[in-house]
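work_6.cif follows; it contains mmCIF, C-alpha atoms.
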```cif
data_final
#
loop_
_atom_site.label_atom_id
_atom_site.label_comp_id
_atom_site.auth_asym_id
_atom_site.auth_seq_id
_atom_site.Cartn_x
_atom_site.Cartn_y
_atom_site.Cartn_z
CA MET A 12 114.27 166.81 74.07
CA THR A 13 112.24 163.61 74.43
CA ARG A 14 111.17 162.71 77.90
CA TRP A 15 111.09 158.97 78.86
CA SER A 16 108.45 157.67 81.20
CA PRO A 17 109.70 155.22 83.87
CA VAL A 18 106.51 153.11 83.59
CA PRO A 19 107.46 151.22 80.39
CA LEU A 20 110.97 150.62 81.71
CA LEU A 21 109.58 149.27 84.97
CA ALA A 22 107.25 146.93 83.04
CA VAL A 23 110.12 145.61 80.94
CA ALA A 24 112.21 145.03 84.07
CA LEU A 25 109.39 143.12 85.77
CA LEU A 26 108.78 140.95 82.70
CA GLY A 27 112.46 140.11 82.58
CA ALA A 28 112.43 139.10 86.24
CA CYS A 29 109.45 136.81 85.63
CA SER A 30 111.33 134.94 82.94
CA LEU A 31 114.18 134.25 85.37
CA THR A 32 112.00 132.29 87.77
CA GLU A 33 112.16 128.53 87.38
CA GLN A 34 108.97 127.01 86.06
CA ARG A 35 108.36 123.46 87.21
CA ASP A 36 106.32 120.80 85.51
CA CYS A 37 105.08 118.80 88.48
CA THR A 38 102.94 115.70 88.44
CA VAL A 39 100.47 115.05 91.24
CA MET A 40 101.40 111.51 92.28
CA GLY A 41 101.63 110.51 95.91
CA GLY A 42 104.32 108.45 97.52
CA SER A 43 105.50 107.13 100.84
CA SER A 44 108.80 106.26 102.44
CA GLY A 45 109.65 102.61 103.00
CA ALA A 46 110.94 99.63 101.05
CA GLY A 47 109.87 97.39 98.23
CA PHE A 48 110.74 93.69 98.36
CA ASP A 49 111.26 91.91 95.02
CA LEU A 50 110.00 88.34 95.40
CA SER A 51 110.41 87.29 91.77
CA GLY A 52 113.44 85.10 92.54
CA LEU A 53 111.56 82.93 95.05
CA PRO A 54 109.64 79.74 94.28
CA LEU A 55 106.25 80.89 95.60
CA THR A 56 103.29 78.56 96.04
CA ASP A 57 99.62 79.48 96.17
CA PRO A 58 98.96 80.87 98.77
CA THR A 59 102.16 82.08 100.38
CA SER A 60 102.39 84.06 103.63
CA VAL A 61 104.86 86.95 103.64
CA ARG A 62 106.05 89.11 106.52
CA ALA A 63 108.26 91.98 105.36
CA CYS A 64 109.77 94.51 107.78
CA VAL A 65 111.59 97.82 107.55
CA GLY A 66 112.98 98.67 110.96
CA GLU A 67 110.10 98.02 113.38
CA VAL A 68 107.34 98.44 110.79
CA CYS A 69 106.05 95.23 109.21
CA THR A 70 103.52 94.20 106.60
CA GLU A 71 101.93 90.78 106.45
CA ALA A 72 100.33 89.58 103.24
CA GLN A 73 99.01 86.51 101.49
CA VAL A 74 100.46 86.34 97.99
CA GLY A 75 100.35 83.81 95.20
CA VAL A 76 102.31 82.52 92.28
CA GLY A 77 103.27 85.40 90.05
CA THR A 78 103.45 87.98 92.84
CA GLY A 79 106.65 89.89 92.31
CA PHE A 80 106.52 92.61 94.92
CA VAL A 81 105.55 93.43 98.51
CA GLY A 82 105.86 96.96 99.88
CA VAL A 83 106.30 98.27 103.42
CA ASP A 84 105.50 101.93 104.08
CA ASP A 85 107.15 103.78 106.97
CA GLU A 86 106.63 107.53 107.14
CA THR A 87 109.20 107.85 109.96
CA LEU A 88 111.98 107.39 107.36
CA THR A 89 112.94 110.98 106.61
CA LYS A 90 116.53 110.89 105.36
CA GLU A 91 118.97 108.87 103.30
CA GLY A 92 120.91 106.16 105.10
CA THR A 93 120.60 102.49 105.93
CA VAL A 94 117.74 100.65 107.56
CA ASP A 95 117.32 97.11 108.88
CA VAL A 96 115.07 94.89 106.75
CA SER A 97 113.75 91.37 107.11
CA LEU A 98 111.63 88.99 105.09
CA ARG A 99 109.96 85.74 106.10
CA VAL A 100 108.04 83.61 103.61
CA ALA A 101 105.99 80.51 104.45
CA ASP A 102 104.26 78.13 102.06
CA ALA A 103 100.61 77.05 102.14
CA VAL A 104 101.17 74.56 104.99
CA GLY A 105 103.17 77.03 107.08
CA SER A 106 106.67 75.74 106.37
CA VAL A 107 109.18 78.59 106.25
CA VAL A 108 110.81 78.66 102.80
CA PHE A 109 112.71 81.94 103.17
CA ASP A 110 113.86 83.83 106.27
CA ALA A 111 116.52 86.53 106.06
CA THR A 112 117.56 89.83 107.56
CA GLY A 113 119.86 92.52 106.25
CA THR A 114 120.30 96.23 105.70
CA ALA A 115 119.06 98.34 102.83
CA THR A 116 120.03 101.79 101.62
CA LEU A 117 117.35 104.48 101.51
CA HIS A 118 117.46 106.82 98.52
CA ARG A 119 115.71 110.17 98.16
CA VAL A 120 112.91 110.16 95.60
CA ASP A 121 111.29 113.38 94.36
CA VAL A 122 108.02 111.69 93.47
CA ASN A 123 106.61 114.53 91.36
CA GLY A 124 109.86 115.92 90.01
CA HIS A 125 112.68 118.01 91.43
CA GLY A 126 111.38 120.70 93.77
CA CYS A 127 107.77 119.56 93.61
CA GLY A 128 107.24 117.34 96.68
CA PRO A 129 106.52 115.07 98.28
CA ILE A 130 110.02 113.81 98.98
CA VAL A 131 110.18 110.19 100.12
CA TYR A 132 112.98 107.81 101.02
CA ARG A 133 112.80 104.33 99.48
CA ALA A 134 114.90 101.18 99.48
CA ASP A 135 114.74 98.34 96.98
CA VAL A 136 115.35 94.86 98.39
CA VAL A 137 115.73 91.64 96.40
CA ALA A 138 114.98 88.26 97.95
CA ALA A 139 117.43 85.84 96.29
CA ALA A 140 116.88 82.10 95.88
CA ASP A 141 120.10 81.51 97.86
CA GLY A 142 118.36 82.81 101.01
CA THR A 143 119.84 86.31 101.12
CA LEU A 144 118.47 89.84 100.85
CA GLY A 145 120.31 92.17 98.52
CA ALA A 146 120.02 95.60 96.97
CA GLY A 147 117.62 96.00 94.10
#
```

Write out the structure in this file as structure tokens.
Amino acid sequence: MTRWSPVPLLAVALLGACSLTEQRDCTVMGGSSGAGFDLSGLPLTDPTSVRACVGEVCTEAQVGVGTGFVGVDDETLTKEGTVDVSLRVADAVGSVVFDATGTATLHRVDVNGHGCGPIVYRADVVAAADGTLGAG
């Protein structure tokens, strides 16, 4: 009678278990929660002053013709939902050419792929030529 050793069977069982684990291909990009404001629909001059806000967190920037985007980072945004947003744009002499408030929807973004982290919550906001803020 042939006697079987448990060692090879144990090795085969362990190899099978390893193949059941999910292997992830993760990138190593960073990210932050907040909102991006699309300015491409506005008639910007050079320079233009922009104040963009998400909740109580604001970013002020000087932008020029051809600038299509301003971002506001807010690490306190930790779940999906809605957030108050506002955008104020003034031309080179300080005249306000756009001033609007609204709400935006935060979406979960797995920056480096599913299960890889970090997880951030972002909203896309479009500044329309009619003076409104909409979803991007």

Test item: which residues lie within 10 Å of (105.2, 103.5, 109.0) counting only C-alpha atoms, as a list in words: Ser43, Ser44, Gly45, Val65, Gly66, Glu67, Val68, Cys69, Thr70, Val83, Asp84, Asp85, Glu86, Thr87 and Leu88 of chain A

Which residues are close to range 130-139 of chain A, i.e. within 10 Å by all atoms listed in the file, leaving aside same-chain residues fewer than 6 positions away? Reply as a PyMOL selection string. chain A and resi 41-53+65+80-94+96-99+109-111+113-124+145-147

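With distances taken over all atoms listed in the file, A:Gly75 is the one residue among A:Gly105, A:Gly75, A:Gly142, A:Gly126 lying closest to Pro58 in chain A.
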
Between A:Thr38, A:Thr56, A:Val76, A:Cys64, single out the one closest to Val104 in chain A, counting only C-alpha atoms. A:Thr56

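For the pair CA of Pro129 in chain A and CA of Asp95 in chain A, the interatomic distance is 23.5 Å.
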